[in-house]
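Note: the block below is coords_23.cif and it holds mmCIF, C-alpha atoms and all ligand atoms.
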data_coords
#
loop_
_atom_site.label_atom_id
_atom_site.label_comp_id
_atom_site.auth_asym_id
_atom_site.auth_seq_id
_atom_site.Cartn_x
_atom_site.Cartn_y
_atom_site.Cartn_z
CA MET A 1 85.58 -57.54 21.51
CA THR A 2 84.61 -56.58 17.95
CA VAL A 3 87.86 -54.82 16.99
CA PRO A 4 90.78 -56.89 15.64
CA ALA A 5 94.34 -56.68 16.96
CA GLU A 6 95.54 -54.62 13.97
CA PHE A 7 93.35 -51.80 15.37
CA GLU A 8 94.36 -52.47 18.98
CA GLY A 9 91.32 -54.57 19.86
CA THR A 10 90.89 -58.10 21.17
CA LYS A 11 88.47 -59.39 18.56
CA THR A 12 86.60 -62.46 19.59
CA ASP A 13 83.72 -64.39 18.04
CA THR A 14 80.05 -63.43 18.28
CA LEU A 15 79.33 -66.28 20.68
CA SER A 16 81.92 -64.91 23.12
CA VAL A 17 80.38 -61.44 22.83
CA ALA A 18 77.00 -63.00 23.60
CA LEU A 19 78.41 -64.86 26.64
CA THR A 20 79.94 -61.63 27.93
CA LEU A 21 76.72 -59.67 27.49
CA GLU A 22 74.76 -62.47 29.16
CA GLU A 23 77.00 -62.36 32.25
CA ILE A 24 77.00 -58.55 32.43
CA GLY A 25 73.24 -58.54 31.79
CA ARG A 26 72.78 -60.53 34.99
CA VAL A 27 74.09 -57.75 37.19
CA SER A 28 73.61 -54.62 35.09
CA PRO A 29 71.35 -54.79 32.04
CA ALA A 30 72.09 -51.07 31.48
CA LEU A 31 75.84 -51.67 31.25
CA ALA A 32 75.17 -54.58 28.89
CA VAL A 33 73.34 -52.29 26.46
CA ILE A 34 76.07 -49.63 26.61
CA ILE A 35 78.68 -52.28 25.75
CA SER A 36 76.46 -53.87 23.11
CA VAL A 37 75.88 -50.57 21.29
CA HIS A 38 79.56 -49.61 21.46
CA CYS A 39 80.87 -53.01 20.31
CA SER A 40 78.17 -54.49 18.08
CA LEU A 41 76.72 -51.35 16.52
CA PHE A 42 79.42 -48.66 16.61
CA CYS A 43 82.73 -50.57 16.28
CA TYR A 44 81.26 -53.35 14.16
CA SER A 45 79.69 -50.90 11.63
CA ILE A 46 83.03 -49.16 11.12
CA LEU A 47 84.92 -52.45 10.87
CA LYS A 48 82.44 -53.90 8.37
CA PHE A 49 81.61 -50.84 6.25
CA GLY A 50 84.32 -48.26 6.99
CA ASN A 51 87.27 -47.44 4.74
CA SER A 52 90.81 -47.83 5.97
CA ALA A 53 91.16 -44.15 7.05
CA GLN A 54 87.94 -44.39 9.10
CA LYS A 55 89.07 -47.63 10.74
CA LYS A 56 92.46 -46.13 11.65
CA LYS A 57 90.88 -42.96 12.98
CA TYR A 58 88.16 -44.46 15.18
CA LEU A 59 88.74 -48.14 15.98
CA PRO A 60 91.96 -47.97 18.07
CA ARG A 61 90.51 -45.24 20.29
CA ALA A 62 87.20 -47.11 20.55
CA ALA A 63 89.00 -50.37 21.43
CA ARG A 64 91.08 -48.66 24.15
CA GLY A 65 87.97 -47.04 25.64
CA LYS A 66 89.18 -43.52 24.78
CA ILE A 67 85.96 -42.85 22.89
CA LEU A 68 82.45 -44.20 23.39
CA GLY A 69 80.28 -44.82 20.34
CA ALA A 70 76.52 -44.60 19.74
CA PHE A 71 74.16 -45.58 16.92
CA SER A 72 71.46 -43.13 15.91
CA LEU A 73 68.78 -44.37 13.54
CA SER A 74 65.45 -43.62 15.29
CA GLU A 75 63.67 -40.28 15.17
CA PRO A 76 60.66 -38.86 17.04
CA GLY A 77 58.43 -39.85 14.11
CA ALA A 78 60.30 -42.93 12.84
CA GLY A 79 61.17 -45.95 14.98
CA SER A 80 59.85 -49.21 13.54
CA ASP A 81 59.46 -47.40 10.22
CA ALA A 82 63.09 -46.26 10.37
CA THR A 83 63.61 -45.81 6.63
CA ASN A 84 60.97 -43.06 6.80
CA LEU A 85 63.30 -40.87 8.85
CA LYS A 86 63.29 -37.13 8.10
CA THR A 87 66.79 -35.88 8.98
CA LYS A 88 68.29 -34.45 5.81
CA ALA A 89 71.90 -34.57 4.60
CA VAL A 90 72.29 -32.19 1.66
CA LYS A 91 75.54 -32.57 -0.27
CA GLN A 92 77.41 -29.35 -1.06
CA GLY A 93 80.81 -29.96 -2.64
CA ASP A 94 82.86 -32.07 -0.26
CA THR A 95 80.49 -31.60 2.69
CA TYR A 96 77.04 -32.79 3.73
CA ILE A 97 74.89 -30.32 5.65
CA LEU A 98 72.73 -32.16 8.19
CA ASN A 99 69.49 -30.90 9.75
CA GLY A 100 67.01 -32.84 11.85
CA THR A 101 66.29 -34.43 15.22
CA LYS A 102 67.31 -37.97 16.18
CA ALA A 103 65.64 -39.73 19.12
CA TRP A 104 66.30 -42.43 21.69
CA VAL A 105 70.06 -42.55 21.31
CA THR A 106 71.58 -44.97 23.83
CA THR A 107 74.52 -43.18 25.52
CA GLY A 108 73.78 -40.21 23.22
CA ASN A 109 74.75 -37.81 25.98
CA ASP A 110 77.95 -39.65 26.95
CA ALA A 111 79.14 -40.83 23.54
CA ASP A 112 81.90 -39.04 21.68
CA VAL A 113 81.03 -40.29 18.21
CA PHE A 114 77.80 -41.44 16.56
CA ILE A 115 76.94 -43.59 13.58
CA LEU A 116 74.02 -41.46 12.40
CA PHE A 117 71.56 -42.02 9.56
CA ALA A 118 70.09 -39.26 7.39
CA ARG A 119 68.27 -38.90 4.09
CA SER A 120 70.04 -37.57 0.96
CA GLU A 121 68.96 -36.98 -2.62
CA VAL A 122 71.14 -39.44 -4.55
CA LYS A 123 69.74 -38.41 -7.94
CA PRO A 124 67.06 -35.88 -8.83
CA GLY A 125 63.85 -36.91 -7.06
CA VAL A 126 65.36 -40.06 -5.45
CA ASP A 127 66.08 -40.07 -1.69
CA ARG A 128 68.13 -42.75 0.06
CA LEU A 129 69.60 -43.15 3.52
CA ASN A 130 73.24 -42.41 4.18
CA ALA A 131 75.22 -43.44 7.26
CA PHE A 132 77.69 -40.92 8.74
CA ILE A 133 80.35 -41.05 11.44
CA ILE A 134 79.75 -37.87 13.41
CA ASP A 135 81.96 -36.47 16.17
CA LYS A 136 79.84 -34.91 18.90
CA SER A 137 82.26 -31.98 19.01
CA LEU A 138 81.24 -30.87 15.48
CA PRO A 139 79.51 -27.46 15.39
CA GLY A 140 75.74 -27.93 14.94
CA VAL A 141 75.45 -31.07 17.10
CA ARG A 142 73.40 -30.59 20.26
CA ILE A 143 71.88 -32.91 22.85
CA SER A 144 68.40 -31.51 23.44
CA LYS A 145 66.64 -33.93 25.76
CA ILE A 146 67.52 -36.72 28.19
CA GLU A 147 64.73 -39.31 28.46
CA ASP A 148 63.30 -39.91 31.94
CA LYS A 149 63.02 -43.67 31.56
CA MET A 150 61.25 -46.43 33.49
CA GLY A 151 64.44 -48.51 33.77
CA LEU A 152 68.02 -48.92 32.49
CA HIS A 153 68.83 -45.77 34.44
CA SER A 154 72.60 -45.95 34.15
CA SER A 155 72.29 -46.04 30.35
CA VAL A 156 71.43 -42.45 29.50
CA THR A 157 69.17 -42.08 26.45
CA SER A 158 68.94 -38.78 24.60
CA ASP A 159 67.84 -36.85 21.52
CA ILE A 160 70.39 -35.35 19.15
CA VAL A 161 69.58 -32.15 17.28
CA LEU A 162 71.52 -31.34 14.10
CA GLU A 163 71.49 -27.71 13.00
CA ASP A 164 73.37 -26.97 9.79
CA CYS A 165 75.96 -29.49 10.91
CA ARG A 166 78.67 -29.71 8.23
CA VAL A 167 80.01 -33.25 7.90
CA PRO A 168 82.94 -33.91 5.54
CA VAL A 169 82.24 -36.42 2.74
CA GLU A 170 85.05 -38.61 4.13
CA ASN A 171 82.84 -39.21 7.19
CA ARG A 172 80.16 -40.97 5.15
CA LEU A 173 80.14 -44.66 6.08
CA GLY A 174 79.82 -46.90 3.04
CA GLN A 175 78.62 -45.98 -0.41
CA GLU A 176 76.31 -43.12 -1.26
CA GLY A 177 72.68 -44.14 -0.59
CA LYS A 178 73.55 -47.47 1.07
CA GLY A 179 72.70 -46.46 4.65
CA ALA A 180 69.60 -48.67 4.98
CA PRO A 181 71.38 -51.99 4.26
CA ILE A 182 74.16 -50.94 6.68
CA ALA A 183 71.61 -50.24 9.43
CA PHE A 184 69.71 -53.49 8.86
CA HIS A 185 72.83 -55.67 8.72
CA CYS A 186 74.29 -54.16 11.91
CA LEU A 187 70.95 -54.55 13.72
CA ASP A 188 70.84 -58.22 12.69
CA VAL A 189 74.19 -58.66 14.49
CA SER A 190 73.41 -56.57 17.55
CA ARG A 191 70.03 -58.26 18.11
CA ILE A 192 72.04 -61.30 19.18
CA GLY A 193 73.46 -59.02 21.90
CA VAL A 194 69.98 -57.95 23.04
CA ALA A 195 68.95 -61.61 23.12
CA ALA A 196 72.01 -62.39 25.26
CA GLN A 197 71.28 -59.43 27.54
CA SER A 198 67.73 -60.83 27.92
CA VAL A 199 69.05 -64.31 28.77
CA GLY A 200 71.36 -62.87 31.44
CA LEU A 201 68.61 -60.75 33.00
CA ALA A 202 66.19 -63.71 32.93
CA ALA A 203 68.73 -66.12 34.46
CA GLN A 204 69.40 -63.65 37.28
CA ALA A 205 65.67 -63.19 37.92
CA LEU A 206 65.32 -66.97 38.15
CA ASP A 207 68.23 -67.18 40.63
CA GLU A 208 66.68 -64.41 42.74
CA ALA A 209 63.33 -66.27 42.75
CA VAL A 210 64.90 -69.61 43.70
CA ARG A 211 66.89 -68.03 46.55
CA TYR A 212 63.86 -66.17 47.89
CA ALA A 213 61.58 -69.22 47.61
CA GLN A 214 64.02 -71.28 49.70
CA GLN A 215 64.15 -68.64 52.46
CA ARG A 216 60.62 -67.27 52.70
CA GLU A 217 58.25 -69.19 54.92
CA ALA A 218 54.45 -69.30 54.85
CA PHE A 219 51.97 -71.74 56.43
CA GLY A 220 54.85 -73.33 58.37
CA LYS A 221 57.08 -74.23 55.40
CA THR A 222 59.24 -72.54 52.81
CA ILE A 223 57.28 -71.32 49.80
CA ALA A 224 59.62 -73.49 47.65
CA GLU A 225 57.68 -76.45 49.06
CA PHE A 226 54.44 -75.34 47.37
CA GLN A 227 53.89 -76.99 44.01
CA ALA A 228 52.53 -73.74 42.52
CA VAL A 229 55.91 -72.10 43.19
CA GLN A 230 57.85 -75.15 41.98
CA PHE A 231 55.93 -75.09 38.69
CA MET A 232 56.69 -71.38 38.18
CA ILE A 233 60.38 -72.09 38.75
CA ALA A 234 60.29 -75.06 36.33
CA ASP A 235 58.64 -72.92 33.61
CA MET A 236 61.05 -70.04 34.15
CA SER A 237 64.06 -72.32 33.97
CA THR A 238 62.81 -73.97 30.75
CA LEU A 239 62.29 -70.56 29.13
CA VAL A 240 65.81 -69.44 30.11
CA GLU A 241 67.35 -72.53 28.53
CA ALA A 242 65.31 -72.23 25.32
CA ALA A 243 66.20 -68.53 25.01
CA ARG A 244 69.86 -69.30 25.64
CA LEU A 245 69.97 -72.01 22.98
CA LEU A 246 68.31 -69.80 20.35
CA THR A 247 70.76 -67.02 21.17
CA TYR A 248 73.83 -69.27 20.94
CA LYS A 249 72.52 -70.75 17.69
CA ALA A 250 72.18 -67.29 16.09
CA ALA A 251 75.67 -66.33 17.32
CA ASN A 252 77.11 -69.57 15.98
CA LEU A 253 75.53 -69.08 12.54
CA CYS A 254 76.87 -65.52 12.46
CA ASP A 255 80.36 -66.81 13.33
CA LYS A 256 80.16 -69.43 10.59
CA GLN A 257 79.19 -66.63 8.16
CA GLU A 258 75.96 -68.41 7.31
CA SER A 259 72.59 -66.69 6.97
CA PHE A 260 71.62 -65.63 10.52
CA GLY A 261 69.07 -62.78 10.18
CA LYS A 262 66.03 -64.98 10.79
CA GLU A 263 67.66 -66.75 13.75
CA SER A 264 68.85 -63.46 15.24
CA ALA A 265 65.28 -62.09 15.05
CA MET A 266 63.92 -65.34 16.56
CA ALA A 267 66.45 -65.20 19.40
CA LYS A 268 65.68 -61.54 20.12
CA LEU A 269 61.90 -62.12 19.96
CA PHE A 270 61.90 -65.23 22.13
CA ALA A 271 64.53 -64.17 24.67
CA SER A 272 63.11 -60.67 25.24
CA GLU A 273 59.55 -61.98 25.70
CA ALA A 274 60.80 -64.86 27.89
CA ALA A 275 62.69 -62.37 30.07
CA ASN A 276 59.48 -60.39 30.59
CA LYS A 277 57.49 -63.51 31.53
CA ILE A 278 60.27 -64.62 33.88
CA VAL A 279 60.62 -61.30 35.72
CA TYR A 280 56.85 -61.24 36.16
CA GLN A 281 56.86 -64.67 37.82
CA ALA A 282 60.05 -64.00 39.77
CA LEU A 283 58.50 -60.86 41.23
CA GLN A 284 55.31 -62.82 41.98
CA ILE A 285 57.38 -65.30 44.01
CA HIS A 286 58.81 -62.36 46.00
CA GLY A 287 55.26 -61.30 46.96
CA GLY A 288 55.02 -57.76 48.32
CA TYR A 289 58.78 -57.55 48.83
CA GLY A 290 59.24 -57.86 45.06
CA TYR A 291 57.44 -54.56 44.71
CA SER A 292 59.99 -52.89 46.99
CA LYS A 293 63.23 -51.34 45.77
CA GLU A 294 64.93 -53.25 48.59
CA PHE A 295 65.05 -56.31 46.31
CA PHE A 296 66.95 -56.53 43.01
CA ILE A 297 63.95 -58.11 41.25
CA GLU A 298 62.19 -54.72 41.24
CA GLN A 299 64.97 -53.25 39.09
CA LEU A 300 65.13 -56.31 36.82
CA TYR A 301 61.36 -56.05 36.29
CA ARG A 302 61.70 -52.45 35.06
CA ASP A 303 64.87 -53.09 33.04
CA ALA A 304 63.29 -56.06 31.24
CA ARG A 305 60.40 -54.11 29.75
CA VAL A 306 62.42 -52.40 27.03
CA LEU A 307 63.96 -55.62 25.71
CA SER A 308 60.97 -56.36 23.49
CA ILE A 309 60.93 -52.76 22.23
CA TYR A 310 64.40 -51.54 21.29
CA GLU A 311 66.42 -52.75 18.30
CA GLY A 312 63.06 -53.65 16.73
CA THR A 313 59.87 -54.42 18.64
CA SER A 314 58.56 -57.98 18.91
CA GLU A 315 56.08 -57.16 16.16
CA ILE A 316 58.94 -56.09 13.86
CA GLN A 317 60.88 -59.28 14.70
CA ARG A 318 57.80 -61.27 13.64
CA LEU A 319 57.70 -59.33 10.36
CA VAL A 320 61.40 -60.07 9.77
CA ILE A 321 60.99 -63.79 10.54
CA SER A 322 57.88 -64.21 8.40
CA ARG A 323 59.52 -62.42 5.47
CA TYR A 324 62.30 -65.02 5.47
CA LEU A 325 59.67 -67.74 5.23
CA LEU A 326 57.23 -66.10 2.86
CA GLN A 327 59.43 -64.11 0.47
CA ASP A 328 62.32 -65.23 -1.70
CA ASP A 329 64.05 -61.88 -2.02
CA ARG A 330 66.16 -61.93 1.16
C1 LIG B 1 65.74 -47.28 26.12
C2 LIG B 1 65.75 -47.18 24.62
C3 LIG B 1 66.98 -47.14 23.96
C4 LIG B 1 67.00 -47.01 22.57
N1 LIG B 1 68.22 -46.90 21.93
C5 LIG B 1 68.24 -46.61 20.61
C6 LIG B 1 69.49 -46.35 19.95
O1 LIG B 1 70.57 -46.40 20.56
N2 LIG B 1 69.47 -46.00 18.65
C7 LIG B 1 68.31 -45.93 17.94
O2 LIG B 1 68.36 -45.62 16.74
N3 LIG B 1 67.11 -46.19 18.52
C8 LIG B 1 67.05 -46.52 19.84
N4 LIG B 1 65.85 -46.77 20.45
C9 LIG B 1 64.62 -46.67 19.67
C10 LIG B 1 63.94 -48.01 19.44
O3 LIG B 1 64.68 -48.77 18.52
C11 LIG B 1 62.50 -47.74 19.01
O4 LIG B 1 61.80 -47.26 20.15
C12 LIG B 1 61.84 -48.98 18.46
O5 LIG B 1 62.39 -49.35 17.22
C13 LIG B 1 60.32 -48.76 18.27
O6 LIG B 1 60.06 -47.58 17.58
P1 LIG B 1 59.00 -46.53 18.18
O7 LIG B 1 59.34 -46.28 19.60
O8 LIG B 1 58.96 -45.35 17.25
O9 LIG B 1 57.62 -47.27 18.14
P2 LIG B 1 56.61 -47.32 16.89
O10 LIG B 1 57.35 -47.66 15.67
O11 LIG B 1 55.80 -46.09 16.89
O12 LIG B 1 55.71 -48.57 17.31
C14 LIG B 1 54.59 -48.43 18.20
C15 LIG B 1 53.88 -49.79 18.21
O13 LIG B 1 53.40 -50.09 16.88
C16 LIG B 1 53.88 -51.36 16.49
N5 LIG B 1 54.13 -51.37 15.05
C17 LIG B 1 54.79 -50.44 14.30
N6 LIG B 1 54.86 -50.83 13.02
C18 LIG B 1 54.25 -52.04 12.94
C19 LIG B 1 54.02 -52.97 11.89
N7 LIG B 1 54.43 -52.76 10.63
N8 LIG B 1 53.35 -54.12 12.19
C20 LIG B 1 52.92 -54.37 13.46
N9 LIG B 1 53.12 -53.53 14.49
C21 LIG B 1 53.79 -52.38 14.24
C22 LIG B 1 55.17 -51.56 17.26
O14 LIG B 1 55.54 -52.92 17.34
C23 LIG B 1 54.80 -50.95 18.60
O15 LIG B 1 54.08 -51.89 19.37
C24 LIG B 1 65.79 -46.95 21.83
C25 LIG B 1 64.56 -47.03 22.52
C26 LIG B 1 64.52 -47.14 23.89
C27 LIG B 1 63.18 -47.20 24.58
#
Representation of the structure as structure tokens:
Amino acid sequence: MTVPAEFEGTKTDTLSVALTLEEIGRVSPALAVIISVHCSLFCYSILKFGNSAQKKKYLPRAARGKILGAFSLSEPGAGSDATNLKTKAVKQGDTYILNGTKAWVTTGNDADVFILFARSEVKPGVDRLNAFIIDKSLPGVRISKIEDKMGLHSSVTSDIVLEDCRVPVENRLGQEGKGAPIAFHCLDVSRIGVAAQSVGLAAQALDEAVRYAQQREAFGKTIAEFQAVQFMIADMSTLVEAARLLTYKAANLCDKQESFGKESAMAKLFASEAANKIVYQALQIHGGYGYSKEFFIEQLYRDARVLSIYEGTSEIQRLVISRYLLQDDR
């Protein structure tokens, strides 16, 4: 969806990507994040910042599903503060030698290729981030740990350890020392995907709650006949629509090539927090059965929790939004 026809893809606009992720997010939030990372972080980064050799080498295989891509910025000691990452890429002739540990890589264990960020000395005493395209088959790349997560179980999340991993200079993505702007731009785009994933999950939780409320009886009537339940459903539905509109607005601005970073952060902030409020109420409507794995709402409840954490926590989205309003330098 993010690769053009010249590289064997079926490139569509950002709004269509969002619609797709919303629909997939209804039934499998984990699959939605796998697709979002592959399309909006991996393929998009190479399309936007790669040179023509890199595009020819990776995009056709990525578009055909022959390779799966991942995006590795976070480290055990650097998540929100990502530019403080410690993995080093030391340049020696036409190779960089990478050492360090990356954390929380979505599909890290299953992916064939990573966009991976490391720190390099660009001039004496000055360190900057570089982005690299790294094949998992390279010597010195090892998956060390699979996270035992609360939810999103079919999206495997892992660490990546780099031990004297020699990466050819031609695998650097973008200019020397320009890794941070690459990471931040790509995250601005993919946050629209997380917002869409949140909308899909929230809309499904609402549907589950409505269906259950119309079937479950208490005190001689369906629970849908109690005003307390009706009000929960009204609030949930209003949140879904507001989240959806913010998400589509951010996607539309991105498609029109207008400034969209603030709107993408607003969409991600609002939609992810709305999804969490909605799954809470939807589970409440299910009563005790909502706490049982027999009902889908139990999985949605667990899957929703990460939405306000990954690709920038809600607190980081608030920082991003306020910077647009309070500073002139963006
Ligand atoms: C399931 C999952 C999948 C992930 N996939 C990927 C991936 O594919 N690639 C990748 O690179 N990363 C990935 N991540 C990592 C994710 O992006 C980070 O977890 C996230 O950015 C938060 O970083 P952290 O966990 O280090 O938390 P921390 O940065 O330690 O934050 C802890 C708390 O402090 C708050 N905080 C931190 N700084 C500030 C501040 N300045 N102001 C106010 N509050 C602040 C945070 O909001 C949070 O509440 C994934 C994480 C999860 C859980």
Surrounding residues of Ile146 in chain A excluding itself and chain neighbours under 2 positions, 8 Å, all atoms listed in the file, as a PDB file with C-alpha atoms, in the coordinates of the input:
ATOM      1  CA  ASN A 109      74.750 -37.810  25.980  1.00  0.00           C
ATOM      2  CA  ILE A 143      71.880 -32.910  22.850  1.00  0.00           C
ATOM      3  CA  SER A 144      68.400 -31.510  23.440  1.00  0.00           C
ATOM      4  CA  ASP A 148      63.300 -39.910  31.940  1.00  0.00           C
ATOM      5  CA  VAL A 156      71.430 -42.450  29.500  1.00  0.00           C
ATOM      6  CA  THR A 157      69.170 -42.080  26.450  1.00  0.00           C
ATOM      7  CA  SER A 158      68.940 -38.780  24.600  1.00  0.00           C
ATOM      8  CA  ASP A 159      67.840 -36.850  21.520  1.00  0.00           C
TER       9      ASP A 159
END
Ligand LIG 1 (chain B) neighbours within 8 Å using all atoms listed in the file, as a PyMOL selection string: chain A and resi 37+70-82+102-108+149+151-152+155+157+306+309-316+319
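In this structure, CA of Leu325 in chain A sits 28.7 Å away from CA of Ala304 in chain A.
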Would you write out, as JSON lines, a table of all residues in range 138-234 of chain A that have an atom no more than 10 Å from an atom of range 246-268 of chain A, listing for each the closest atom pair and the distance in Å to one decimal, considering all atoms listed in the file and ordering rows by chain and rising residue number?
{"residue": "A:Phe184", "atom": "CA", "partner": "A:Gly261", "partner_atom": "CA", "distance": 9.4}
{"residue": "A:His185", "atom": "CA", "partner": "A:Gly261", "partner_atom": "CA", "distance": 8.2}
{"residue": "A:Leu187", "atom": "CA", "partner": "A:Gly261", "partner_atom": "CA", "distance": 9.2}
{"residue": "A:Asp188", "atom": "CA", "partner": "A:Gly261", "partner_atom": "CA", "distance": 5.5}
{"residue": "A:Val189", "atom": "CA", "partner": "A:Ser264", "partner_atom": "CA", "distance": 7.2}
{"residue": "A:Ser190", "atom": "CA", "partner": "A:Ser264", "partner_atom": "CA", "distance": 8.6}
{"residue": "A:Arg191", "atom": "CA", "partner": "A:Lys268", "partner_atom": "CA", "distance": 5.8}
{"residue": "A:Ile192", "atom": "CA", "partner": "A:Ser264", "partner_atom": "CA", "distance": 5.5}
{"residue": "A:Gly193", "atom": "CA", "partner": "A:Lys268", "partner_atom": "CA", "distance": 8.4}
{"residue": "A:Val194", "atom": "CA", "partner": "A:Lys268", "partner_atom": "CA", "distance": 6.3}
{"residue": "A:Ala195", "atom": "CA", "partner": "A:Lys268", "partner_atom": "CA", "distance": 4.4}
{"residue": "A:Ala196", "atom": "CA", "partner": "A:Thr247", "partner_atom": "CA", "distance": 6.3}
{"residue": "A:Gln197", "atom": "CA", "partner": "A:Lys268", "partner_atom": "CA", "distance": 9.5}
{"residue": "A:Ser198", "atom": "CA", "partner": "A:Lys268", "partner_atom": "CA", "distance": 8.1}
{"residue": "A:Val199", "atom": "CA", "partner": "A:Thr247", "partner_atom": "CA", "distance": 8.2}
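Take the candidates A:Gly179, A:Pro60, A:Gly50, A:Pro29 and check each one against Arg119 in chain A using all atoms listed in the file; the shortest distance goes to A:Gly179.
Of note, CA of Asp135 in chain A and CA of Ala63 in chain A are spaced 16.4 Å apart.
Once Leu59 in chain A and its same-chain neighbours fewer than 3 positions away are set aside, Val3, Phe7, Cys43, Lys55, Lys56, Ala62 and Ala63 of chain A remain within 7 Å of it when counting only C-alpha atoms.
Among the candidate residues A:Thr101, A:Ile115, A:Cys165, A:Ser322, the one lying nearest to Cys186 in chain A is A:Ile115, with distances computed using all atoms listed in the file.
Taking CA of Gly220 in chain A as the reference point, CA of Ser292 in chain A is found at 24.0 Å.
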Residue nearest Val210 in chain A among A:Ala282, A:Leu31, A:Ile321, A:Val240 (counting only C-alpha atoms): A:Ala282
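In this comparison, which uses only C-alpha atoms, the residue of A:Phe132, A:Tyr291, A:Phe270, A:Phe114 approaching Ala89 in chain A most closely is A:Phe132.
Nearest to Leu98 in chain A of all the residues A:Asp110, A:Leu15, A:Lys145, A:Val167 is A:Val167, based on only C-alpha atoms.
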Best match for closeness to Leu21 in chain A among A:Gly93, A:Gly200, A:Gln227, A:Gly140, counting only C-alpha atoms: A:Gly200
